[in-house]
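K.L.:
I'm passing along start_5.cif; it holds mmCIF, C-alpha atoms and all ligand atoms.
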```cif
data_input
#
loop_
_atom_site.label_atom_id
_atom_site.label_comp_id
_atom_site.auth_asym_id
_atom_site.auth_seq_id
_atom_site.Cartn_x
_atom_site.Cartn_y
_atom_site.Cartn_z
CA MET A 26 16.77 19.20 -40.19
CA THR A 27 17.26 22.28 -38.09
CA GLU A 28 20.55 22.67 -36.25
CA CYS A 29 19.05 24.49 -33.32
CA LEU A 30 15.80 24.06 -31.41
CA PRO A 31 15.78 26.72 -28.68
CA ILE A 32 14.25 25.81 -25.33
CA ARG A 33 11.27 28.13 -24.88
CA ARG A 34 9.67 27.02 -21.63
CA VAL A 35 10.36 24.49 -18.87
CA VAL A 36 7.79 23.33 -16.33
CA ALA A 37 7.72 20.97 -13.35
CA VAL A 38 4.40 19.38 -12.37
CA PRO A 39 4.37 17.50 -9.05
CA LEU A 40 2.53 14.17 -8.82
CA PHE A 41 0.55 13.42 -5.70
CA GLY A 42 -2.35 11.50 -4.21
CA GLN A 43 -1.51 8.09 -5.68
CA SER A 44 1.99 7.34 -4.42
CA PRO A 45 2.28 3.67 -3.48
CA LYS A 46 3.25 2.92 0.10
CA GLY A 47 7.01 3.44 0.46
CA GLY A 48 7.64 1.21 3.47
CA TRP A 49 9.64 4.15 4.87
CA SER A 50 9.75 4.71 8.63
CA ASN A 51 8.39 8.20 7.86
CA GLU A 52 5.67 6.88 5.56
CA ILE A 53 4.49 8.85 2.51
CA ARG A 54 1.12 10.56 3.07
CA PRO A 55 -1.46 11.05 0.30
CA GLN A 56 -0.81 14.80 0.17
CA ASP A 57 2.97 14.31 -0.13
CA THR A 58 4.57 14.67 -3.51
CA ILE A 59 7.77 12.70 -4.08
CA HIS A 60 7.92 12.80 -7.88
CA ALA A 61 7.51 15.54 -10.46
CA LEU A 62 7.19 15.46 -14.22
CA ILE A 63 9.18 17.89 -16.33
CA ALA A 64 8.29 19.26 -19.74
CA VAL A 65 10.77 21.03 -22.00
CA HIS A 66 8.92 23.02 -24.65
CA THR A 67 10.86 24.12 -27.71
CA ASP A 68 10.45 26.84 -30.30
CA GLY A 69 8.57 25.20 -33.13
CA GLY A 70 9.77 21.69 -32.23
CA PRO A 71 8.63 18.77 -30.09
CA THR A 72 8.11 18.83 -26.33
CA GLY A 73 10.27 16.45 -24.28
CA TYR A 74 9.36 14.86 -20.94
CA GLY A 75 11.42 14.00 -17.91
CA SER A 76 10.87 12.88 -14.34
CA ILE A 77 12.42 13.84 -11.01
CA PHE A 78 12.45 11.81 -7.79
CA THR A 79 12.25 14.40 -5.03
CA ASP A 80 9.67 16.53 -3.24
CA GLY A 81 7.63 18.35 -5.91
CA ARG A 82 8.22 21.70 -4.21
CA LEU A 83 11.97 21.22 -4.48
CA ALA A 84 11.55 20.27 -8.13
CA GLN A 85 9.72 23.53 -8.82
CA ALA A 86 12.16 25.66 -6.79
CA GLY A 87 15.19 24.04 -8.45
CA LEU A 88 13.70 24.59 -11.87
CA ALA A 89 13.13 28.27 -11.09
CA VAL A 90 16.87 28.58 -10.32
CA LEU A 91 17.94 26.76 -13.50
CA GLU A 92 15.41 28.37 -15.83
CA PRO A 93 17.46 31.46 -16.78
CA MET A 94 20.44 29.22 -17.63
CA ILE A 95 18.43 26.91 -19.88
CA LEU A 96 15.97 29.14 -21.76
CA GLY A 97 17.21 29.68 -25.29
CA ALA A 98 19.74 26.81 -25.08
CA ASN A 99 19.70 24.25 -27.88
CA ALA A 100 17.37 21.39 -26.94
CA LEU A 101 19.15 19.16 -29.47
CA GLU A 102 22.28 19.03 -27.26
CA PRO A 103 21.29 17.19 -24.06
CA GLU A 104 24.75 16.36 -22.77
CA LYS A 105 26.10 19.85 -23.47
CA VAL A 106 23.14 21.59 -21.81
CA SER A 107 23.16 19.31 -18.75
CA GLU A 108 26.92 19.57 -18.25
CA THR A 109 26.68 23.37 -18.53
CA LEU A 110 24.03 23.36 -15.79
CA HIS A 111 26.21 21.13 -13.58
CA GLN A 112 29.19 23.42 -14.07
CA HIS A 113 27.35 26.70 -13.48
CA THR A 114 25.73 25.51 -10.25
CA PHE A 115 28.96 24.29 -8.59
CA TRP A 116 28.41 26.65 -5.66
CA MET A 117 24.80 25.69 -4.94
CA GLY A 118 25.22 22.31 -3.28
CA ARG A 119 26.24 19.79 -5.89
CA GLY A 120 24.41 16.50 -5.83
CA GLY A 121 21.18 17.71 -4.22
CA THR A 122 18.05 19.35 -5.55
CA LEU A 123 19.72 20.94 -8.55
CA THR A 124 21.24 17.63 -9.65
CA HIS A 125 17.84 16.00 -9.24
CA VAL A 126 16.23 18.69 -11.38
CA ILE A 127 18.96 18.50 -14.02
CA SER A 128 18.12 14.76 -14.18
CA GLY A 129 14.56 15.52 -15.27
CA LEU A 130 15.68 18.16 -17.75
CA ASP A 131 18.32 15.86 -19.23
CA ILE A 132 15.81 13.03 -19.76
CA ALA A 133 13.43 15.51 -21.40
CA LEU A 134 16.18 16.80 -23.69
CA TRP A 135 17.02 13.28 -24.90
CA ASP A 136 13.29 12.86 -25.54
CA VAL A 137 13.28 16.07 -27.62
CA LEU A 138 16.34 14.95 -29.59
CA GLY A 139 14.80 11.58 -30.36
CA LYS A 140 11.51 13.12 -31.41
CA ALA A 141 13.27 15.70 -33.59
CA LEU A 142 15.33 12.99 -35.31
CA GLY A 143 12.54 10.40 -35.43
CA GLN A 144 14.68 7.87 -33.52
CA PRO A 145 14.36 6.04 -30.21
CA VAL A 146 16.72 7.37 -27.53
CA SER A 147 18.47 3.96 -27.34
CA ARG A 148 19.85 4.46 -30.86
CA LEU A 149 21.05 7.96 -30.01
CA LEU A 150 22.79 6.59 -26.89
CA GLY A 151 25.12 4.72 -29.17
CA GLY A 152 23.30 1.74 -30.59
CA VAL A 153 20.65 -0.86 -29.95
CA TRP A 154 21.84 -4.06 -28.27
CA HIS A 155 18.40 -5.19 -27.08
CA ARG A 156 14.81 -4.64 -28.12
CA ARG A 157 13.29 -5.89 -24.89
CA ALA A 158 14.24 -6.01 -21.24
CA MET A 159 13.25 -8.08 -18.24
CA PRO A 160 11.28 -6.03 -15.71
CA TYR A 161 11.67 -7.18 -12.15
CA CYS A 162 8.54 -6.66 -10.12
CA SER A 163 9.39 -4.59 -7.08
CA LEU A 164 7.28 -5.41 -4.02
CA LEU A 165 7.20 -4.23 -0.43
CA MET A 166 7.97 -6.95 2.10
CA GLU A 167 5.03 -8.26 4.07
CA GLU A 168 4.55 -10.76 6.88
CA PRO A 169 5.38 -14.23 5.46
CA VAL A 170 1.86 -15.48 4.65
CA ARG A 171 0.87 -12.25 2.93
CA MET A 172 4.25 -12.10 1.14
CA GLY A 173 3.56 -15.40 -0.58
CA ASP A 174 0.12 -14.23 -1.74
CA VAL A 175 1.47 -10.95 -3.10
CA VAL A 176 4.28 -12.58 -5.08
CA ALA A 177 1.89 -15.24 -6.40
CA ALA A 178 -0.53 -12.56 -7.64
CA TRP A 179 2.19 -10.77 -9.61
CA ARG A 180 3.59 -14.02 -10.94
CA GLU A 181 0.08 -14.69 -12.21
CA ARG A 182 0.31 -11.45 -14.20
CA GLY A 183 3.37 -12.71 -16.03
CA PHE A 184 6.40 -11.45 -14.08
CA ARG A 185 9.39 -13.78 -13.98
CA ALA A 186 11.61 -11.70 -11.69
CA PHE A 187 10.85 -10.17 -8.31
CA LYS A 188 12.48 -7.94 -5.77
CA ILE A 189 11.14 -7.78 -2.25
CA GLY A 190 12.24 -5.12 0.18
CA TRP A 191 11.77 -2.79 3.12
CA GLY A 192 8.76 -3.49 5.38
CA PRO A 193 9.64 -5.54 8.47
CA PHE A 194 12.86 -7.01 7.03
CA GLY A 195 15.84 -6.37 9.34
CA ARG A 196 13.76 -4.02 11.45
CA ARG A 197 12.42 -6.41 14.10
CA ASP A 198 15.68 -7.97 15.29
CA ASP A 199 14.23 -11.30 14.23
CA PRO A 200 16.34 -13.31 11.77
CA ARG A 201 13.73 -16.08 11.68
CA LEU A 202 11.08 -13.63 10.48
CA ASP A 203 13.47 -12.30 7.84
CA GLU A 204 14.12 -15.80 6.57
CA ALA A 205 10.42 -16.74 6.64
CA ILE A 206 9.61 -13.73 4.43
CA VAL A 207 12.28 -14.66 1.88
CA SER A 208 11.31 -18.31 1.97
CA ALA A 209 7.62 -17.47 1.36
CA ALA A 210 8.57 -15.25 -1.57
CA ARG A 211 10.79 -17.98 -3.07
CA ASP A 212 8.04 -20.59 -2.73
CA ALA A 213 5.54 -18.31 -4.45
CA ALA A 214 7.93 -17.13 -7.16
CA GLY A 215 9.10 -20.64 -8.03
CA THR A 216 12.65 -21.93 -8.31
CA GLU A 217 13.06 -20.64 -11.88
CA ALA A 218 12.25 -17.02 -11.02
CA LYS A 219 14.86 -14.40 -10.29
CA LEU A 220 14.46 -13.17 -6.71
CA MET A 221 16.25 -10.20 -5.20
CA VAL A 222 16.18 -8.76 -1.68
CA ASP A 223 16.41 -5.07 -0.76
CA ALA A 224 16.97 -4.32 2.93
CA GLY A 225 16.36 -0.63 2.26
CA ALA A 226 19.09 0.52 4.63
CA SER A 227 18.86 4.05 3.26
CA ASP A 228 15.74 4.35 5.44
CA ALA A 229 16.13 6.57 8.51
CA PHE A 230 18.04 5.15 11.50
CA TRP A 231 18.82 1.75 9.97
CA PRO A 232 19.48 -0.46 13.00
CA ASN A 233 21.91 -3.07 11.60
CA GLY A 234 25.59 -3.20 10.79
CA LEU A 235 28.14 -5.24 8.89
CA LYS A 236 27.79 -8.44 10.95
CA TRP A 237 24.04 -8.51 10.39
CA ALA A 238 24.56 -7.95 6.69
CA ILE A 239 27.09 -10.81 6.42
CA ARG A 240 24.85 -13.26 8.31
CA THR A 241 21.82 -12.20 6.28
CA ALA A 242 23.71 -12.54 2.98
CA GLU A 243 24.47 -16.16 3.91
CA MET A 244 20.78 -16.80 4.58
CA LEU A 245 19.83 -15.20 1.24
CA ALA A 246 22.32 -17.36 -0.64
CA ALA A 247 20.52 -20.45 0.68
CA HIS A 248 17.33 -19.20 -1.00
CA GLY A 249 18.98 -18.52 -4.35
CA VAL A 250 18.70 -14.75 -4.05
CA ALA A 251 20.30 -12.99 -7.04
CA TRP A 252 21.43 -9.85 -5.19
CA PHE A 253 21.32 -8.19 -1.77
CA GLU A 254 20.50 -4.49 -2.11
CA GLU A 255 21.12 -1.65 0.36
CA ALA A 256 22.21 -4.06 3.05
CA LEU A 257 24.06 -1.20 4.74
CA PRO A 258 23.49 2.56 5.04
CA PRO A 259 24.12 4.33 1.74
CA ASP A 260 27.26 6.19 2.84
CA ALA A 261 28.99 3.16 4.38
CA LEU A 262 31.49 2.66 1.57
CA ALA A 263 34.12 0.80 3.60
CA ASP A 264 31.58 -1.62 5.10
CA HIS A 265 30.09 -2.26 1.65
CA LYS A 266 33.56 -3.21 0.48
CA ARG A 267 34.00 -5.64 3.39
CA LEU A 268 30.54 -7.06 2.80
CA ARG A 269 31.23 -7.58 -0.88
CA GLU A 270 34.39 -9.51 -0.01
CA ARG A 271 32.59 -11.80 2.44
CA ALA A 272 29.05 -12.19 1.10
CA PRO A 273 28.19 -15.23 -1.03
CA VAL A 274 25.60 -13.16 -2.96
CA PRO A 275 26.19 -10.08 -5.17
CA ILE A 276 25.97 -6.77 -3.28
CA ALA A 277 23.91 -3.99 -4.89
CA GLY A 278 23.40 -0.31 -4.06
CA GLY A 279 23.75 3.30 -5.07
CA GLU A 280 20.16 4.43 -5.63
CA VAL A 281 20.47 7.53 -3.44
CA LEU A 282 23.88 8.61 -4.76
CA THR A 283 24.15 11.33 -7.39
CA ARG A 284 26.81 12.54 -9.85
CA ARG A 285 29.28 10.32 -11.71
CA GLN A 286 32.08 11.65 -9.52
CA THR A 287 30.48 10.07 -6.42
CA PHE A 288 30.17 6.70 -8.10
CA LEU A 289 33.82 6.73 -9.11
CA SER A 290 35.06 6.07 -5.56
CA TRP A 291 32.51 3.26 -5.05
CA LEU A 292 33.70 1.61 -8.25
CA ALA A 293 37.41 2.18 -7.65
CA GLU A 294 37.18 0.88 -4.06
CA GLY A 295 35.35 -2.26 -5.18
CA ALA A 296 32.40 -1.64 -2.86
CA LEU A 297 29.62 -3.07 -5.06
CA ASP A 298 28.90 -5.95 -7.43
CA ILE A 299 25.91 -4.14 -8.92
CA VAL A 300 25.52 -0.38 -9.18
CA GLN A 301 22.01 1.09 -9.27
CA PRO A 302 21.96 4.79 -10.10
CA ASP A 303 18.51 6.37 -10.35
CA VAL A 304 18.15 8.18 -13.67
CA THR A 305 15.67 10.64 -12.12
CA LYS A 306 18.16 11.70 -9.43
CA VAL A 307 21.70 11.01 -10.56
CA GLY A 308 21.88 13.55 -13.39
CA GLY A 309 19.68 11.99 -16.07
CA LEU A 310 20.53 9.74 -18.98
CA SER A 311 23.77 11.57 -19.80
CA GLU A 312 25.17 10.85 -16.32
CA GLN A 313 23.62 7.40 -16.05
CA ARG A 314 25.14 6.25 -19.33
CA ARG A 315 28.62 7.30 -18.24
CA ILE A 316 28.25 5.49 -14.91
CA ALA A 317 26.94 2.35 -16.62
CA TRP A 318 29.88 2.15 -19.05
CA LEU A 319 32.39 3.08 -16.35
CA ALA A 320 31.05 0.29 -14.11
CA ARG A 321 31.86 -2.26 -16.80
CA GLU A 322 35.52 -1.25 -16.67
CA PHE A 323 35.55 -2.13 -12.97
CA GLY A 324 33.76 -5.44 -13.46
CA VAL A 325 30.60 -4.07 -11.86
CA ARG A 326 27.16 -4.66 -13.30
CA TYR A 327 24.77 -1.76 -13.93
CA VAL A 328 21.01 -2.01 -13.26
CA GLY A 329 18.90 1.17 -13.47
CA HIS A 330 16.66 2.35 -10.65
CA GLY A 331 14.28 4.72 -12.49
CA TRP A 332 11.26 2.82 -11.23
CA ASN A 333 9.28 5.76 -9.96
CA THR A 334 7.27 6.94 -13.00
CA ALA A 335 6.57 5.74 -16.52
CA ILE A 336 9.13 8.25 -17.75
CA GLY A 337 11.81 6.88 -15.41
CA LEU A 338 10.97 3.38 -16.61
CA ALA A 339 11.08 4.45 -20.26
CA ALA A 340 14.48 6.10 -19.72
CA ASP A 341 15.79 2.94 -18.02
CA LEU A 342 14.48 0.81 -20.88
CA GLN A 343 16.16 3.02 -23.49
CA LEU A 344 19.50 2.84 -21.68
CA ALA A 345 19.22 -0.89 -20.97
CA ALA A 346 18.68 -1.34 -24.72
CA ALA A 347 21.84 0.64 -25.45
CA LEU A 348 24.17 -1.48 -23.28
CA PRO A 349 25.59 -4.95 -23.94
CA ASP A 350 24.67 -6.22 -20.42
CA PRO A 351 21.64 -8.51 -19.99
CA PRO A 352 18.83 -5.91 -19.87
CA LEU A 353 17.00 -5.65 -16.56
CA VAL A 354 14.76 -2.83 -15.29
CA GLU A 355 12.96 -2.18 -12.01
CA TYR A 356 9.16 -2.13 -12.27
CA ILE A 357 7.30 -1.04 -9.18
CA ALA A 358 4.13 -3.07 -8.77
CA GLY A 359 0.82 -1.25 -8.76
CA SER A 360 1.89 2.37 -9.18
CA ALA A 361 -0.48 4.76 -10.96
CA TYR A 362 2.56 6.89 -11.86
CA VAL A 363 3.96 4.00 -13.91
CA ASP A 364 0.84 2.29 -15.20
CA GLY A 365 -1.68 5.13 -15.16
CA ILE A 366 -0.02 8.03 -16.97
CA VAL A 367 0.84 6.49 -20.34
CA ALA A 368 -1.49 6.47 -23.33
CA GLU A 369 -0.48 2.91 -24.19
CA PRO A 370 -0.26 0.52 -21.23
CA TRP A 371 2.92 -1.44 -20.51
CA ALA A 372 2.49 -5.08 -21.47
CA LEU A 373 4.62 -8.13 -20.65
CA ASP A 374 5.17 -10.74 -23.32
CA ALA A 375 4.87 -14.49 -22.73
CA GLU A 376 8.42 -14.62 -21.36
CA GLY A 377 7.81 -11.83 -18.88
CA MET A 378 9.75 -9.29 -20.95
CA LEU A 379 8.91 -5.67 -21.77
CA ALA A 380 9.44 -4.29 -25.27
CA VAL A 381 11.72 -1.26 -25.43
CA PRO A 382 9.51 1.47 -26.98
CA GLN A 383 10.62 1.98 -30.57
CA GLY A 384 8.84 5.27 -31.22
CA PRO A 385 10.81 8.53 -31.40
CA GLY A 386 12.40 9.80 -28.19
CA LEU A 387 11.48 7.84 -25.06
CA GLY A 388 8.74 6.27 -27.17
CA ILE A 389 5.84 6.92 -24.79
CA ALA A 390 2.96 9.39 -24.77
CA LEU A 391 1.40 10.82 -21.61
CA ASP A 392 -2.32 10.47 -20.87
CA ARG A 393 -3.52 14.00 -20.12
CA ASP A 394 -6.88 12.91 -18.68
CA ARG A 395 -5.37 10.45 -16.24
CA LEU A 396 -2.82 13.06 -15.17
CA ARG A 397 -5.69 15.29 -14.03
CA GLU A 398 -6.26 12.76 -11.24
CA MET A 399 -2.71 13.05 -9.88
CA THR A 400 -1.65 16.64 -10.52
CA LEU A 401 -3.11 20.02 -9.61
CA ASP A 402 -3.19 20.84 -13.33
CA PRO A 403 -1.45 18.90 -16.10
CA THR A 404 -2.03 21.65 -18.71
CA PRO A 405 1.48 23.20 -18.52
CA LEU A 406 2.94 19.82 -19.54
CA PHE A 407 1.11 20.05 -22.84
CA ALA A 408 0.63 23.77 -23.49
CA GLY A 409 3.92 24.91 -24.95
MG MG A 501 16.24 -0.18 -3.44
#
```
I'd like the structure from this file rewritten - as structure tokens, please.
Ligand SMILES: [Mg+2]
P.N.:
Amino acid sequence: MTECLPIRRVVAVPLFGQSPKGGWSNEIRPQDTIHALIAVHTDGGPTGYGSIFTDGRLAQAGLAVLEPMILGANALEPEKVSETLHQHTFWMGRGGTLTHVISGLDIALWDVLGKALGQPVSRLLGGVWHRRAMPYCSLLMEEPVRMGDVVAAWRERGFRAFKIGWGPFGRRDDPRLDEAIVSAARDAAGTEAKLMVDAGASDAFWPNGLKWAIRTAEMLAAHGVAWFEEALPPDALADHKRLRERAPVPIAGGEVLTRRQTFLSWLAEGALDIVQPDVTKVGGLSEQRRIAWLAREFGVRYVGHGWNTAIGLAADLQLAAALPDPPLVEYIAGSAYVDGIVAEPWALDAEGMLAVPQGPGLGIALDRDRLREMTLDPTPLFAG
């Protein structure tokens, strides 16, 4: 086993053309790119893959800035390389594009390490607690009748947990509509299913405040909702704390936050019941793992948010497997970037669970031909 595997080339390849509807007030257009794949090629060793949730042009620009700092570094030392990048870019706007790009690089480096050692990333993250995880099917909210049909269709495919969010919820000043949507989803999901609700208050110009969130949390409790996500704008720490104290349902959030240092104040202030960092934004697996373990010390549950591509999902699965908490991962319904880019399709078992890939690294292989349909040119991902 070699002690050093120098990084020879890093590339970012934006994905576009098949982004699912976001439900954002400034809706994603087909030509927009909101995710990019990263490849880290090494000298004589395996290539690792990562994923970044930001505009593809920012991913490429950020990578160009980081490239001189990473070429030649040892790909077998993910945490050391990522922390060095964080430290050397302190003056370039911490927590933004560069943190997002470091996320993709960090995931790719863990993938390299796993492939080089012949071990799944979950083992390298400290040990395997779980071999499968429950994916919750993430669905955009629809008008009540349509909502029921959509949930029923995904239940039919084997999902046992659902999260509905965004769309008209909280945006029409109509509490009866909000309740009708949730009620339709509950009816379709069945009483046994886990059902979560995501207001999506990180969307632009969120119109509601704390009182709305408290009233809505009470309504959600009546429908057996397991958590209320982004009920308030993502910077409203003090209001999240008040909501957590008053709401009968667990309060979740944190998907747009980056860096472990940011999460520290949310945890210390007691602003959340469930913390949801996004592995493709927050700083990668190295950062995500620290946040997940730190959350436990504050009595806060961790659930990953790397739903956006198959690589994000694989990273979330590997980390969920390496934590003692009941393993749960977000699974966006009907995304080509999750279902269409892997050589081996994701498959639910009879209990609606997903196996944590046991192959080396993240345990997934990319489908080069399918990637031709959603990238300008996937070749740089494979040509080291
Ligand atoms: Mg969300």
K.L.:
Could you pull the residues within 9 Å of Pro258 of chain A, counting all atoms listed in the file, minus those fewer than 2 positions along the same chain, as a list of chain:residue names?
P.N.:
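Listing them by chain and then by number gives A:Gly225, A:Ala226, A:Ser227, A:Asp228, A:Phe230, A:Trp231, A:Asn233, A:Gly234, A:Glu255, A:Ala256, A:Asp260, A:Ala261, A:Leu262, A:His265.
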K.L.:
Determine, for each residue of segment 135-236 of chain A having at least one atom at most 12 Å from an atom of segment 74-94 of chain A, the closest pair of atoms and their separation in Å to one decimal, counting only C-alpha atoms; order by chain and ascending number, as a Markdown table.
P.N.:
```
| residue | atom | partner | partner_atom | distance |
| --- | --- | --- | --- | --- |
| A:Trp135 | CA | A:Tyr74 | CA | 8.8 |
| A:Asp136 | CA | A:Tyr74 | CA | 6.4 |
| A:Val137 | CA | A:Tyr74 | CA | 7.8 |
| A:Leu138 | CA | A:Tyr74 | CA | 11.1 |
| A:Gly139 | CA | A:Tyr74 | CA | 11.4 |
| A:Lys140 | CA | A:Tyr74 | CA | 10.8 |
```
K.L.:
Residues within 8 Å of ligand MG 501 (chain A) (only C-alpha atoms and all ligand atoms), as a PDB file with C-alpha atoms, in the frame of the given file?
P.N.:
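Contents of pocket-v7.pdb, as written:
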```
ATOM      1  CA  GLY A 190      12.240  -5.120   0.180  1.00  0.00           C
ATOM      2  CA  ASP A 223      16.410  -5.070  -0.760  1.00  0.00           C
ATOM      3  CA  ALA A 224      16.970  -4.320   2.930  1.00  0.00           C
ATOM      4  CA  GLY A 225      16.360  -0.630   2.260  1.00  0.00           C
ATOM      5  CA  GLU A 254      20.500  -4.490  -2.110  1.00  0.00           C
ATOM      6  CA  GLU A 255      21.120  -1.650   0.360  1.00  0.00           C
ATOM      7  CA  GLY A 278      23.400  -0.310  -4.060  1.00  0.00           C
ATOM      8  CA  GLU A 280      20.160   4.430  -5.630  1.00  0.00           C
ATOM      9  CA  HIS A 330      16.660   2.350 -10.650  1.00  0.00           C
TER      10      HIS A 330
END
```
K.L.:
Please tell me which residues are no farther than 12 Å from (33.6, -11.1, -1.1) in the file, counting all atoms listed in the file, and write them as a ChimeraX atom specification.
P.N.:
/A:239,242-243,264-276,295-298
K.L.:
Can you write just those residues out, C-alpha atoms, as a PDB file, keeping the file's coordinate frame?
P.N.:
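Output (part-v4.pdb):
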```pdb
ATOM      1  CA  ILE A 239      27.090 -10.810   6.420  1.00  0.00           C
ATOM      2  CA  ALA A 242      23.710 -12.540   2.980  1.00  0.00           C
ATOM      3  CA  GLU A 243      24.470 -16.160   3.910  1.00  0.00           C
ATOM      4  CA  ASP A 264      31.580  -1.620   5.100  1.00  0.00           C
ATOM      5  CA  HIS A 265      30.090  -2.260   1.650  1.00  0.00           C
ATOM      6  CA  LYS A 266      33.560  -3.210   0.480  1.00  0.00           C
ATOM      7  CA  ARG A 267      34.000  -5.640   3.390  1.00  0.00           C
ATOM      8  CA  LEU A 268      30.540  -7.060   2.800  1.00  0.00           C
ATOM      9  CA  ARG A 269      31.230  -7.580  -0.880  1.00  0.00           C
ATOM     10  CA  GLU A 270      34.390  -9.510  -0.010  1.00  0.00           C
ATOM     11  CA  ARG A 271      32.590 -11.800   2.440  1.00  0.00           C
ATOM     12  CA  ALA A 272      29.050 -12.190   1.100  1.00  0.00           C
ATOM     13  CA  PRO A 273      28.190 -15.230  -1.030  1.00  0.00           C
ATOM     14  CA  VAL A 274      25.600 -13.160  -2.960  1.00  0.00           C
ATOM     15  CA  PRO A 275      26.190 -10.080  -5.170  1.00  0.00           C
ATOM     16  CA  ILE A 276      25.970  -6.770  -3.280  1.00  0.00           C
ATOM     17  CA  GLY A 295      35.350  -2.260  -5.180  1.00  0.00           C
ATOM     18  CA  ALA A 296      32.400  -1.640  -2.860  1.00  0.00           C
ATOM     19  CA  LEU A 297      29.620  -3.070  -5.060  1.00  0.00           C
ATOM     20  CA  ASP A 298      28.900  -5.950  -7.430  1.00  0.00           C
TER      21      ASP A 298
END
```
K.L.:
Can you tell me which residues surround segment 62-70 of chain A at a distance of at most 8 Å, considering only C-alpha atoms, apart from same-chain residues fewer than 5 positions away, and format the answer as a ChimeraX atom specification?
P.N.:
/A:30-40,75-77,100,129-130,133-134,137,141,405-407,409
K.L.:
Leaving out segment 354-359 of chain A and any residue of its chain fewer than 4 positions from it, which residues lie within 9 Å of it when counting all atoms listed in the file, given as a PyMOL selection string?
P.N.:
chain A and resi 45+158-165+179+188+328-334+338+341-342+345+363-364
K.L.:
Closest to Gly121 of chain A among A:Leu348, A:Val307, A:Leu149, A:Leu142, using all atoms listed in the file?
P.N.:
A:Val307
K.L.:
Scan for residues within 12 Å of the point (13.3, -3.1, 14.6) in the coordinates of the file, using only C-alpha atoms, and reply as a VMD selection string.
P.N.:
chain A and resid 50 191 to 200 202 to 203 229 to 233
K.L.:
What is the atom CA of Ala177 of chain A-atom CA of Trp252 of chain A distance in Å, reported with one decimal?
P.N.:
20.3 Å
